[in-house]
>>> print(open('final-v9.cif').read())   # mmCIF, C-alpha atoms
data_query
loop_
_atom_site.label_atom_id
_atom_site.label_comp_id
_atom_site.auth_asym_id
_atom_site.auth_seq_id
_atom_site.Cartn_x
_atom_site.Cartn_y
_atom_site.Cartn_z
CA MET A 24 -25.81 -39.30 -49.41
CA ILE A 25 -22.12 -39.94 -49.84
CA GLN A 26 -23.14 -42.11 -52.81
CA LEU A 27 -24.37 -38.97 -54.55
CA SER A 28 -21.14 -38.62 -56.49
CA TYR A 29 -21.50 -42.23 -57.67
CA LEU A 30 -25.06 -41.51 -58.75
CA ASP A 31 -23.91 -38.50 -60.69
CA TYR A 32 -21.00 -40.37 -62.21
CA SER A 33 -23.27 -43.22 -63.24
CA ALA A 34 -25.83 -40.84 -64.76
CA MET A 35 -23.21 -38.93 -66.77
CA GLU A 36 -20.86 -41.71 -67.83
CA GLY A 37 -23.18 -44.73 -68.16
CA LYS A 38 -23.51 -46.18 -71.65
CA SER A 39 -26.36 -48.66 -71.28
CA ARG A 40 -29.59 -48.52 -73.30
CA LEU A 41 -31.41 -47.04 -70.35
CA HIS A 42 -28.78 -44.29 -70.07
CA ARG A 43 -29.21 -43.45 -73.75
CA LEU A 44 -33.00 -43.23 -73.51
CA SER A 45 -34.36 -39.67 -73.39
CA ALA A 46 -34.97 -38.18 -69.94
CA THR A 47 -38.62 -37.53 -70.84
CA SER A 48 -39.27 -41.22 -71.57
CA LYS A 49 -37.58 -42.24 -68.34
CA VAL A 50 -39.64 -39.76 -66.32
CA ILE A 51 -42.81 -41.05 -68.03
CA GLY A 52 -41.64 -44.60 -67.22
CA MET A 53 -41.19 -43.62 -63.58
CA MET A 54 -44.68 -42.13 -63.53
CA LEU A 55 -46.04 -45.46 -64.82
CA VAL A 56 -44.13 -47.33 -62.10
CA LEU A 57 -45.63 -44.90 -59.60
CA LEU A 58 -49.14 -45.48 -60.99
CA PHE A 59 -48.59 -49.22 -60.63
CA ILE A 60 -47.39 -48.84 -57.05
CA VAL A 61 -50.33 -46.62 -56.10
CA THR A 62 -52.98 -48.88 -57.62
CA MET A 63 -51.50 -52.35 -57.05
CA ARG A 64 -52.75 -54.31 -54.05
CA ASN A 65 -51.49 -57.65 -55.13
CA LEU A 66 -48.24 -59.25 -53.97
CA PRO A 67 -47.35 -61.25 -57.12
CA GLY A 68 -47.88 -58.09 -59.21
CA LEU A 69 -45.56 -56.07 -56.96
CA VAL A 70 -42.96 -58.88 -56.91
CA LEU A 71 -43.07 -58.90 -60.72
CA LEU A 72 -42.64 -55.12 -60.84
CA TYR A 73 -39.71 -55.32 -58.40
CA LEU A 74 -38.06 -58.05 -60.47
CA VAL A 75 -38.44 -55.92 -63.63
CA LEU A 76 -36.89 -52.94 -61.84
CA LEU A 77 -34.04 -55.12 -60.52
CA ALA A 78 -33.40 -56.45 -64.04
CA LEU A 79 -33.28 -52.87 -65.35
CA PHE A 80 -31.03 -51.82 -62.46
CA PHE A 81 -28.44 -54.53 -62.98
CA GLY A 82 -28.87 -54.47 -66.77
CA SER A 83 -27.93 -50.78 -66.78
CA ARG A 84 -24.63 -51.56 -65.02
CA VAL A 85 -25.30 -48.97 -62.34
CA PRO A 86 -22.52 -49.19 -59.65
CA LEU A 87 -23.49 -51.78 -57.05
CA LYS A 88 -22.61 -49.37 -54.25
CA ILE A 89 -25.73 -47.37 -55.15
CA PHE A 90 -28.02 -50.37 -54.72
CA SER A 91 -27.85 -50.10 -50.91
CA LEU A 92 -29.64 -46.73 -51.21
CA THR A 93 -32.81 -48.55 -52.25
CA PHE A 94 -33.02 -50.28 -48.85
CA TYR A 95 -32.73 -47.12 -46.77
CA PRO A 96 -36.50 -46.33 -46.65
CA LEU A 97 -37.16 -49.77 -45.12
CA ILE A 98 -35.83 -48.48 -41.77
CA PHE A 99 -38.85 -46.17 -41.51
CA ALA A 100 -41.34 -48.57 -43.08
CA ILE A 101 -40.77 -50.84 -40.08
CA PHE A 102 -42.79 -48.35 -37.99
CA PHE A 103 -45.74 -48.82 -40.23
CA ILE A 104 -46.05 -52.54 -39.57
CA PHE A 105 -47.14 -51.73 -36.01
CA ILE A 106 -50.33 -50.20 -37.43
CA SER A 107 -51.37 -53.45 -39.04
CA GLY A 108 -51.07 -55.74 -36.04
CA PHE A 109 -48.26 -57.60 -37.83
CA LYS A 110 -50.42 -58.88 -40.69
CA ILE A 111 -47.89 -60.54 -42.94
CA PHE A 112 -49.75 -59.59 -46.15
CA PHE A 113 -49.77 -55.90 -45.21
CA ILE A 114 -46.10 -55.94 -44.17
CA LEU A 115 -45.04 -57.54 -47.45
CA LEU A 116 -47.28 -55.14 -49.39
CA VAL A 117 -45.75 -52.08 -47.71
CA PHE A 118 -42.17 -53.38 -48.00
CA LEU A 119 -42.60 -54.22 -51.68
CA LYS A 120 -44.12 -50.81 -52.37
CA VAL A 121 -41.14 -49.21 -50.58
CA LEU A 122 -38.62 -51.28 -52.56
CA CYS A 123 -40.35 -50.69 -55.92
CA GLY A 124 -40.56 -46.94 -55.32
CA SER A 125 -37.00 -46.52 -54.07
CA THR A 126 -35.51 -48.77 -56.76
CA GLY A 127 -37.45 -46.85 -59.44
CA VAL A 128 -36.33 -43.39 -58.34
CA VAL A 129 -32.72 -44.40 -57.65
CA LEU A 130 -32.61 -46.04 -61.09
CA LEU A 131 -33.98 -42.85 -62.65
CA LEU A 132 -31.38 -40.71 -60.89
CA ALA A 133 -28.54 -43.13 -61.67
CA THR A 134 -29.31 -43.17 -65.40
CA THR A 135 -30.39 -39.55 -65.98
CA PRO A 136 -28.27 -36.43 -65.33
CA TYR A 137 -29.98 -34.22 -62.78
CA PRO A 138 -30.10 -31.06 -64.96
CA ALA A 139 -32.18 -33.09 -67.45
CA ILE A 140 -34.64 -34.10 -64.69
CA PHE A 141 -34.82 -30.54 -63.37
CA SER A 142 -35.40 -29.14 -66.86
CA ILE A 143 -38.43 -31.44 -67.21
CA LEU A 144 -39.71 -30.25 -63.84
CA GLY A 145 -39.13 -26.68 -65.07
CA ARG A 146 -41.87 -27.19 -67.68
CA PHE A 147 -44.48 -27.54 -64.94
CA LEU A 148 -43.05 -25.72 -61.93
CA PRO A 149 -42.27 -22.01 -61.34
CA SER A 150 -38.72 -20.95 -62.16
CA LEU A 151 -38.05 -19.89 -58.56
CA PHE A 152 -38.69 -23.44 -57.44
CA VAL A 153 -36.52 -25.02 -60.14
CA THR A 154 -33.69 -22.56 -59.40
CA ALA A 155 -33.96 -23.46 -55.70
CA LEU A 156 -33.87 -27.15 -56.64
CA PHE A 157 -30.78 -26.66 -58.76
CA LEU A 158 -28.99 -24.57 -56.11
CA THR A 159 -29.80 -27.13 -53.44
CA TYR A 160 -28.44 -29.97 -55.52
CA ARG A 161 -25.29 -27.98 -56.26
CA SER A 162 -24.97 -27.04 -52.57
CA ILE A 163 -25.06 -30.71 -51.54
CA PHE A 164 -21.78 -31.21 -53.43
CA ILE A 165 -20.28 -28.08 -51.85
CA LEU A 166 -21.33 -29.28 -48.39
CA LEU A 167 -19.97 -32.77 -49.05
CA SER A 168 -16.54 -31.36 -49.89
CA VAL A 169 -16.62 -29.16 -46.76
CA PHE A 170 -17.80 -32.20 -44.82
CA GLU A 171 -14.70 -34.18 -45.83
CA GLU A 172 -12.48 -31.45 -44.33
CA THR A 173 -14.71 -31.16 -41.28
CA GLN A 174 -14.50 -34.92 -40.65
CA ASP A 175 -10.74 -34.65 -40.02
CA ALA A 176 -11.26 -31.75 -37.62
CA LEU A 177 -14.00 -33.74 -35.89
CA TYR A 178 -11.73 -36.74 -35.34
CA LEU A 179 -8.95 -34.48 -34.04
CA ARG A 180 -11.36 -33.12 -31.44
CA GLY A 181 -12.33 -36.60 -30.28
CA GLY A 182 -15.00 -37.47 -32.86
CA ILE A 183 -18.09 -39.33 -31.71
CA GLN A 184 -17.63 -41.44 -28.57
CA TRP A 185 -20.61 -43.14 -26.96
CA MET A 186 -18.82 -43.02 -23.59
CA HIS A 187 -18.73 -39.21 -23.77
CA PRO A 188 -22.19 -38.24 -25.12
CA TRP A 189 -22.01 -34.53 -24.26
CA ARG A 190 -18.63 -34.08 -25.90
CA SER A 191 -19.87 -36.04 -28.92
CA LEU A 192 -22.99 -33.87 -29.18
CA THR A 193 -20.89 -30.71 -28.95
CA ASN A 194 -18.56 -32.04 -31.64
CA ILE A 195 -21.45 -33.00 -33.93
CA SER A 196 -23.13 -29.60 -33.43
CA ASN A 197 -19.91 -27.69 -34.01
CA ALA A 198 -19.35 -29.75 -37.15
CA PHE A 199 -22.85 -28.90 -38.42
CA GLY A 200 -22.39 -25.25 -37.44
CA HIS A 201 -19.08 -25.18 -39.27
CA LEU A 202 -20.69 -26.87 -42.28
CA ILE A 203 -23.51 -24.33 -42.34
CA ILE A 204 -21.24 -21.28 -42.03
CA ARG A 205 -18.72 -22.53 -44.58
CA GLY A 206 -21.60 -23.54 -46.81
CA ILE A 207 -23.24 -20.11 -46.53
CA ASP A 208 -19.92 -18.43 -47.38
CA ALA A 209 -19.56 -20.72 -50.39
CA SER A 210 -23.16 -20.10 -51.46
CA GLU A 211 -22.67 -16.33 -51.26
CA LYS A 212 -19.59 -16.61 -53.47
CA MET A 213 -21.52 -18.85 -55.86
CA TYR A 214 -24.37 -16.31 -56.02
CA GLU A 215 -21.96 -13.45 -56.74
CA GLY A 216 -20.38 -15.57 -59.48
CA MET A 217 -23.81 -16.28 -60.94
CA ILE A 218 -24.71 -12.56 -60.93
CA LEU A 219 -21.43 -11.74 -62.69
CA ARG A 220 -22.26 -14.33 -65.34
CA GLY A 221 -25.67 -12.79 -66.00
CA PHE A 222 -28.00 -14.77 -63.72
CA LYS A 223 -31.49 -13.23 -63.80
CA ASN A 224 -33.66 -15.38 -61.53
CA LYS A 225 -33.76 -18.26 -63.99
CA ILE A 226 -31.42 -21.08 -64.91
CA HIS A 227 -31.42 -22.08 -68.57
CA TYR A 228 -30.62 -25.56 -69.78
CA ARG A 229 -29.03 -26.56 -73.04
CA GLY A 230 -31.53 -29.38 -73.44
CA GLU A 231 -31.11 -33.13 -73.27
CA MET B 73 -39.79 -39.35 -37.54
CA SER B 74 -41.63 -36.05 -37.53
CA HIS B 75 -42.40 -36.36 -41.20
CA ILE B 76 -44.03 -39.13 -43.12
CA HIS B 77 -41.60 -41.74 -44.35
CA LEU B 78 -44.36 -43.57 -46.14
CA PRO B 79 -43.94 -45.22 -49.50
CA ASP B 80 -46.21 -44.49 -52.43
CA GLY B 81 -49.47 -46.36 -52.52
CA VAL B 82 -50.08 -46.64 -48.78
CA LEU B 83 -51.99 -43.43 -48.14
CA PRO B 84 -55.40 -42.97 -49.82
CA ILE B 85 -55.37 -41.02 -53.07
CA TRP B 86 -57.70 -38.27 -51.77
CA LEU B 87 -55.31 -37.62 -48.90
CA TRP B 88 -52.09 -37.16 -50.85
CA VAL B 89 -53.85 -35.23 -53.65
CA SER B 90 -55.28 -32.88 -50.99
CA GLY B 91 -51.77 -32.60 -49.55
CA TYR B 92 -50.44 -31.41 -52.91
CA ILE B 93 -53.31 -28.93 -53.40
CA VAL B 94 -52.93 -27.40 -49.93
CA ALA B 95 -49.11 -27.29 -50.22
CA ILE B 96 -49.33 -25.48 -53.58
CA LEU B 97 -51.89 -22.98 -52.23
CA VAL B 98 -49.84 -22.28 -49.10
CA GLY B 99 -46.67 -22.00 -51.19
CA VAL B 100 -48.24 -19.48 -53.59
CA ILE B 101 -49.55 -17.34 -50.72
CA LEU B 102 -46.28 -17.41 -48.73
CA LEU B 103 -44.13 -16.61 -51.73
CA ARG B 104 -46.38 -13.67 -52.66
CA VAL B 105 -46.06 -12.37 -49.15
CA ALA B 106 -42.25 -12.60 -49.28
CA LYS B 107 -40.62 -9.73 -51.09
CA LYS B 108 -39.54 -10.97 -54.50
CA GLU B 109 -36.14 -9.25 -54.40
CA ASP B 110 -35.43 -10.65 -50.98
CA SER B 111 -36.36 -14.18 -52.10
CA THR B 112 -33.98 -14.05 -55.06
CA ARG B 113 -31.18 -12.59 -52.98
CA ARG B 114 -31.61 -15.31 -50.36
CA LEU B 115 -31.92 -18.21 -52.81
CA PRO B 116 -28.29 -19.37 -52.33
CA LEU B 117 -28.83 -19.39 -48.55
CA LEU B 118 -32.03 -21.35 -49.13
CA GLY B 119 -30.14 -23.82 -51.34
CA MET B 120 -27.43 -24.26 -48.73
CA MET B 121 -29.84 -24.75 -45.83
CA ALA B 122 -31.92 -27.17 -47.89
CA ALA B 123 -28.72 -29.08 -48.72
CA ALA B 124 -27.83 -29.16 -44.99
CA MET B 125 -31.33 -30.52 -44.30
CA VAL B 126 -30.86 -33.22 -46.96
CA LEU B 127 -27.49 -34.17 -45.44
CA GLY B 128 -28.99 -34.15 -41.93
CA ALA B 129 -31.74 -36.47 -43.14
CA SER B 130 -29.14 -38.92 -44.41
CA VAL B 131 -27.48 -39.27 -41.00
CA GLU B 132 -29.66 -41.99 -39.56
CA ILE B 133 -29.68 -42.76 -35.82
CA ILE B 134 -30.69 -46.38 -36.38
CA PRO B 135 -31.59 -47.50 -32.82
CA ILE B 136 -34.40 -44.93 -32.65
CA ALA B 137 -35.07 -44.72 -36.43
CA TYR B 138 -34.58 -40.96 -36.21
CA HIS B 139 -32.62 -38.49 -38.25
CA ILE B 140 -32.11 -34.84 -37.47
CA ASN B 141 -34.08 -32.51 -39.73
CA LEU B 142 -32.37 -29.14 -39.14
CA THR B 143 -35.69 -27.61 -40.26
CA ILE B 144 -35.98 -25.38 -37.21
CA ILE B 145 -32.49 -23.90 -37.43
CA SER B 146 -33.10 -23.44 -41.18
CA GLY B 147 -36.45 -21.78 -40.41
CA ILE B 148 -34.75 -19.40 -37.97
CA LEU B 149 -32.18 -18.45 -40.62
CA LEU B 150 -34.52 -18.33 -43.63
CA GLY B 151 -37.79 -17.01 -42.24
CA PRO B 152 -41.27 -18.48 -42.59
CA SER B 153 -41.88 -18.12 -46.34
CA LEU B 154 -38.52 -19.34 -47.61
CA ILE B 155 -38.48 -22.30 -45.23
CA PHE B 156 -41.66 -23.51 -46.92
CA LEU B 157 -39.94 -23.48 -50.32
CA ALA B 158 -36.87 -25.11 -48.75
CA THR B 159 -38.92 -27.99 -47.30
CA PHE B 160 -40.62 -28.50 -50.69
CA VAL B 161 -37.20 -28.74 -52.37
CA VAL B 162 -35.83 -31.02 -49.63
CA ASN B 163 -38.78 -33.38 -49.97
CA VAL B 164 -38.44 -33.54 -53.76
CA ILE B 165 -34.73 -34.41 -53.48
CA LEU B 166 -35.31 -36.91 -50.66
CA ALA B 167 -38.09 -38.54 -52.69
CA LEU B 168 -35.65 -38.85 -55.61
CA PHE B 169 -33.40 -40.87 -53.29
CA GLY B 170 -36.33 -43.06 -52.28
CA HIS B 171 -36.56 -41.44 -48.84
CA GLY B 172 -40.36 -41.10 -48.68
CA GLY B 173 -42.70 -41.52 -51.61
CA ILE B 174 -43.19 -39.09 -54.47
CA THR B 175 -46.92 -38.95 -53.84
CA VAL B 176 -46.41 -37.83 -50.22
CA ILE B 177 -44.22 -34.83 -51.11
CA GLY B 178 -47.13 -32.40 -50.62
CA LEU B 179 -48.08 -33.80 -47.21
CA ASN B 180 -44.47 -34.03 -46.10
CA THR B 181 -43.91 -30.42 -47.12
CA LEU B 182 -46.86 -29.34 -45.00
CA VAL B 183 -45.75 -31.38 -41.99
CA LEU B 184 -42.09 -30.35 -42.23
CA SER B 185 -42.91 -26.71 -42.83
CA ILE B 186 -45.02 -26.73 -39.65
CA GLU B 187 -41.71 -27.48 -37.96
CA GLY B 188 -39.89 -24.64 -39.72
CA VAL B 189 -42.61 -21.99 -39.49
CA VAL B 190 -43.66 -22.80 -35.90
CA GLY B 191 -39.98 -23.03 -34.96
CA TYR B 192 -39.28 -19.58 -36.40
CA PHE B 193 -42.18 -17.87 -34.60
CA LEU B 194 -41.61 -19.73 -31.33
CA PHE B 195 -37.93 -18.84 -31.38
CA ARG B 196 -38.72 -15.15 -31.96
CA LEU B 197 -41.32 -15.20 -29.18
CA LEU B 198 -39.09 -17.08 -26.70
CA TRP B 199 -36.15 -14.88 -27.59
CA ARG B 200 -38.19 -11.77 -26.81
CA MET B 201 -39.27 -13.30 -23.50
CA MET B 202 -35.98 -14.83 -22.32
CA LYS B 203 -33.23 -12.99 -24.21
CA ARG B 204 -31.19 -16.20 -23.99
CA LEU B 205 -30.27 -18.06 -27.14
CA THR B 206 -29.72 -21.66 -25.98
CA PRO B 207 -33.01 -22.21 -24.08
CA ALA B 208 -34.96 -20.30 -26.75
CA VAL B 209 -33.64 -22.53 -29.55
CA PHE B 210 -34.01 -25.70 -27.48
CA LEU B 211 -37.63 -24.99 -26.52
CA ALA B 212 -38.55 -23.79 -30.02
CA THR B 213 -37.09 -27.00 -31.48
CA PHE B 214 -38.70 -29.30 -28.93
CA LEU B 215 -42.17 -27.76 -29.25
CA SER B 216 -42.07 -27.51 -33.06
CA LEU B 217 -41.00 -31.13 -33.39
CA PHE B 218 -43.80 -32.11 -31.02
CA ALA B 219 -46.29 -30.16 -33.19
CA SER B 220 -45.06 -31.66 -36.45
CA THR B 221 -45.07 -35.20 -35.00
CA LEU B 222 -48.69 -34.68 -33.93
CA ALA B 223 -49.46 -33.44 -37.46
CA MET B 224 -47.76 -36.53 -38.91
CA ILE B 225 -49.79 -38.83 -36.64
CA GLY B 226 -52.92 -36.90 -37.66
CA VAL B 227 -52.17 -37.45 -41.34
CA VAL B 228 -51.43 -41.15 -40.82
CA SER B 229 -54.66 -41.57 -38.83
CA LEU B 230 -56.69 -40.00 -41.65
CA GLY B 231 -55.88 -43.03 -43.80
CA THR B 232 -57.10 -45.64 -41.29
CA SER B 233 -59.99 -46.94 -43.40
CA HIS B 234 -57.66 -47.22 -46.37
CA TYR B 235 -55.15 -49.35 -44.40
CA GLU B 236 -58.04 -51.62 -43.39
CA GLU B 237 -58.88 -51.98 -47.06
CA LEU B 238 -55.24 -52.74 -47.92
CA ILE B 239 -54.93 -55.32 -45.15
CA HIS B 240 -58.05 -57.10 -46.34
CA SER B 241 -57.37 -56.76 -50.06
CA GLU B 242 -55.46 -60.05 -50.07
CA LYS B 243 -58.19 -61.89 -51.90
CA LYS B 244 -59.12 -59.16 -54.34
CA GLY B 245 -58.35 -58.87 -58.03
CA PHE B 246 -55.05 -58.15 -59.71
CA LEU B 247 -55.14 -54.43 -59.13
CA GLY B 248 -57.67 -54.54 -56.30
CA PHE B 249 -59.70 -51.65 -57.76
CA GLU B 250 -62.85 -50.73 -55.92
CA PHE B 251 -64.80 -47.95 -57.51
CA GLY B 252 -68.01 -48.12 -55.51
CA LYS B 253 -68.62 -48.40 -51.81
CA GLU B 254 -67.39 -51.78 -50.79
CA GLU B 255 -69.54 -54.90 -50.49
CA HIS B 256 -72.94 -53.39 -49.73
CA GLY B 257 -74.66 -56.56 -50.73
CA HIS B 258 -72.50 -58.84 -48.64
CA SER B 259 -73.54 -60.29 -45.34
CA GLU B 260 -72.01 -59.39 -41.99
CA GLU B 261 -69.59 -62.33 -42.09
CA ALA B 262 -67.90 -60.82 -45.15
CA SER B 263 -66.95 -57.63 -43.32
CA PRO B 264 -63.45 -58.02 -41.93
CA GLU B 265 -62.52 -57.39 -38.31
CA LYS B 266 -60.63 -54.18 -37.44
CA ALA B 267 -56.93 -54.84 -37.90
CA VAL B 268 -55.51 -51.32 -37.81
CA ASN B 269 -54.18 -50.29 -34.43
CA LEU B 270 -53.13 -46.66 -34.37
CA ASN B 271 -52.61 -46.66 -30.61
CA ARG B 272 -49.80 -49.16 -30.97
CA PHE B 273 -48.22 -46.98 -33.68
CA ILE B 274 -48.51 -43.87 -31.50
CA ALA B 275 -47.19 -45.74 -28.45
CA ILE B 276 -44.03 -46.62 -30.37
CA VAL B 277 -43.55 -43.39 -32.30
CA LEU B 278 -44.01 -40.89 -29.46
CA PRO B 279 -41.41 -42.23 -26.97
CA LEU B 280 -38.79 -42.73 -29.69
CA SER B 281 -39.56 -39.30 -31.13
CA PHE B 282 -39.21 -37.78 -27.65
CA ILE B 283 -35.58 -38.91 -27.58
CA GLY B 284 -35.17 -37.40 -31.05
CA TRP B 285 -36.75 -34.06 -30.02
CA VAL B 286 -34.38 -33.72 -27.06
CA LEU B 287 -31.40 -34.73 -29.17
CA GLU B 288 -32.29 -32.34 -31.97
CA GLY B 289 -33.08 -29.58 -29.47
CA VAL B 290 -29.58 -29.90 -28.00
CA ILE B 291 -27.93 -30.10 -31.44
CA ASN B 292 -29.88 -27.08 -32.75
CA SER B 293 -29.03 -25.03 -29.64
CA LEU B 294 -25.34 -25.82 -30.01
CA ILE B 295 -25.44 -25.05 -33.75
CA ALA B 296 -27.15 -21.72 -33.01
CA ARG B 297 -24.48 -20.88 -30.41
CA TYR B 298 -21.76 -21.73 -32.91
CA ILE B 299 -23.38 -19.58 -35.62
CA TYR B 300 -23.92 -16.75 -33.11
CA ARG B 301 -20.24 -16.74 -32.20
CA LEU B 302 -19.02 -16.61 -35.81
CA ARG B 303 -21.82 -15.01 -37.86
CA PRO B 304 -24.33 -13.32 -35.50
CA ASP B 305 -25.75 -11.36 -38.45
CA LEU B 306 -27.34 -14.58 -39.77
CA LEU B 307 -29.53 -14.90 -36.69
CA ARG B 308 -30.55 -11.22 -36.80
CA LEU B 309 -30.41 -10.79 -33.01
CA GLU B 310 -28.99 -8.16 -30.72
CA ARG B 311 -25.60 -8.74 -29.13
CA ASN B 312 -24.93 -10.65 -25.89
CA ALA B 313 -27.47 -13.38 -26.48
CA LEU B 314 -25.48 -16.21 -24.91
#
>>> encode(input="final-v9.cif", output="structure tokens")
Amino acid sequence: MIQLSYLDYSAMEGKSRLHRLSATSKVIGMMLVLLFIVTMRNLPGLVLLYLVLLALFFGSRVPLKIFSLTFYPLIFAIFFIFISGFKIFFILLVFLKVLCGSTGVVLLLATTPYPAIFSILGRFLPSLFVTALFLTYRSIFILLSVFEETQDALYLRGGIQWMHPWRSLTNISNAFGHLIIRGIDASEKMYEGMILRGFKNKIHYRGE
Amino acid sequence: MSHIHLPDGVLPIWLWVSGYIVAILVGVILLRVAKKEDSTRRLPLLGMMAAAMVLGASVEIIPIAYHINLTIISGILLGPSLIFLATFVVNVILALFGHGGITVIGLNTLVLSIEGVVGYFLFRLLWRMMKRLTPAVFLATFLSLFASTLAMIGVVSLGTSHYEELIHSEKKGFLGFEFGKEEHGHSEEASPEKAVNLNRFIAIVLPLSFIGWVLEGVINSLIARYIYRLRPDLLRLERNAL
């Protein structure tokens, strides 16, 4: 999640062809990738799709640091191989579907500014939902900045030590509690600011 | 592990489409029940709690493949209708980071919101019975996570026949489409042996999840204590709860 700022930076400042493409076409492209993933039951086809996505990823000069995000869902996919009785075909199929899906969405987010994606969602979803989506995304950045401060406080109080699990748990919980309270304070200020600027239950976008 | 970290294309289409339909119906009903003014006023809190849930989900405890959800503490702070919207938002954002498929957003919302809604009501009930914050939050968290993990296992088990099909689709066509009922005309030898073993999956998920439930129960209790000390108004409880 710390890579979020990189994602945002890449989406805003990137100059590749994929970055310049309209958000609508990229979302449609992602839907096609999704359709492929849902219907494909063939390993060479999925390998081909993954290679295409990798070529697009590296061709778009997205920061390499972000690439590690695409492997994160594999941690949980490992559970699923126990269902299959370790059938190699099924394991590869699931892993490739995971990698294609995560590479596709991370590529979309790294090449498209999030307000543009949310504005597309706003065409189909109720405004309350889109506003909640926007506020959540904004709040992640607020929490991340509070988190940086909290990290120092956490280390000063002993941080996380495996030899002292109870103290570590207390420290982690206090850190989360602190994050939540500071975050709520910040969100209340943000809401008051939004009301002062004329917020009436809907966020308007300038367009792509 | 209490929600479905499945990629797209693993669950059968009917299952995830039904997940979306039910999630939308439940969402519409819950949001109508919630007072509109109250929902708008509490949107920033919803955004912040959803953001905390997203951050919690990114802190992975790798040895047990578990991450804390913070859904129960969010449910306690937000109430049953807003926690549903919060879990929907969290799942959309997590799916955009590749953490769970886009097609399973509906099902994940249902499973995660079970955690939040059950957690909220259990906490209120246990609070009324015990009048002690820490055990009430711990038990509410533990039991809600148990319920949502059972729901997740239920959802995964609904797709059993589809996993069988996937496992044995090795020799099928490029896209492996099957529109009719499979291989009616084929002899017995063509029908593949059962390869899906849900018991093995359950035997691995439940013990690891148990560690996660206890861990999250402790963390949620300590977070609730911390919030109670500094902002008791957020929990909407009487004084002297500790």
>>> residues_around(input="final-v9.cif", residues="range 125-139 of chain A", least_positions_apart="5", cutoff="9 Å", atoms="all atoms listed in the file", output="PyMOL selection string")
(chain A and resi 29-37+39+41-47+49-50+53+56-57+73+76-77+79-80+83+85-86+89-90+92-96+120+144+157+160+228+230-231) or (chain B and resi 79+167-174)
>>> residues_around(input="final-v9.cif", residues="Leu150 in chain B", least_positions_apart="6", cutoff="10 Å", atoms="only C-alpha atoms", output="PyMOL selection string")
chain B and resi 111+114-115+117-118+121+143-144+156+158+188-189+192+306-307
>>> atom_distance(input="final-v9.cif", atom1="CA of Leu149 in chain B", atom2="CA of Val126 in chain B")
16.1 Å
>>> atom_distance(input="final-v9.cif", atom1="CA of His139 in chain B", atom2="CA of Ile98 in chain A")
11.1 Å
>>> resolve_selection(input="final-v9.cif", expression="the PyMOL selection byres ((chain B and resi 223) around 9)", output="list in words")
Ser74, His75, Leu182, Val183, Ile186, Phe218, Ala219, Ser220, Thr221, Leu222, Met224, Ile225, Gly226, Val227 and Val228 of chain B
>>> atom_distance(input="final-v9.cif", atom1="CA of Ser153 in chain B", atom2="CA of Arg308 in chain B")
16.3 Å
>>> decode(input="final-v9.cif", residues="range 115-145 of chain A", atoms="C-alpha atoms", output="CSV table (one decimal), in the first residue's frame")
chain,number,residue,atom,x,y,z
A,115,LEU,CA,-0.7,-23.1,-13.0
A,116,LEU,CA,-4.2,-22.2,-14.3
A,117,VAL,CA,-5.0,-20.4,-11.0
A,118,PHE,CA,-1.6,-18.8,-10.6
A,119,LEU,CA,-1.7,-17.5,-14.2
A,120,LYS,CA,-5.3,-16.1,-13.7
A,121,VAL,CA,-4.1,-14.4,-10.5
A,122,LEU,CA,-1.1,-12.9,-12.3
A,123,CYS,CA,-3.1,-11.8,-15.4
A,124,GLY,CA,-5.8,-10.2,-13.2
A,125,SER,CA,-3.4,-8.4,-10.8
A,126,THR,CA,-1.1,-7.2,-13.6
A,127,GLY,CA,-4.1,-5.9,-15.5
A,128,VAL,CA,-5.6,-3.9,-12.7
A,129,VAL,CA,-2.3,-2.6,-11.4
A,130,LEU,CA,-1.4,-1.5,-15.0
A,131,LEU,CA,-4.8,0.3,-15.2
A,132,LEU,CA,-4.2,2.1,-11.9
A,133,ALA,CA,-0.6,3.0,-12.8
A,134,THR,CA,-1.6,4.5,-16.1
A,135,THR,CA,-4.9,6.2,-15.3
A,136,PRO,CA,-5.5,8.8,-12.6
A,137,TYR,CA,-8.0,7.6,-10.0
A,138,PRO,CA,-10.5,10.4,-10.4
A,139,ALA,CA,-10.8,9.4,-14.1
A,140,ILE,CA,-11.6,5.8,-13.1
A,141,PHE,CA,-14.0,6.9,-10.4
A,142,SER,CA,-15.8,9.2,-12.8
A,143,ILE,CA,-16.4,6.3,-15.2
A,144,LEU,CA,-17.8,4.2,-12.2
A,145,GLY,CA,-20.0,7.2,-11.4
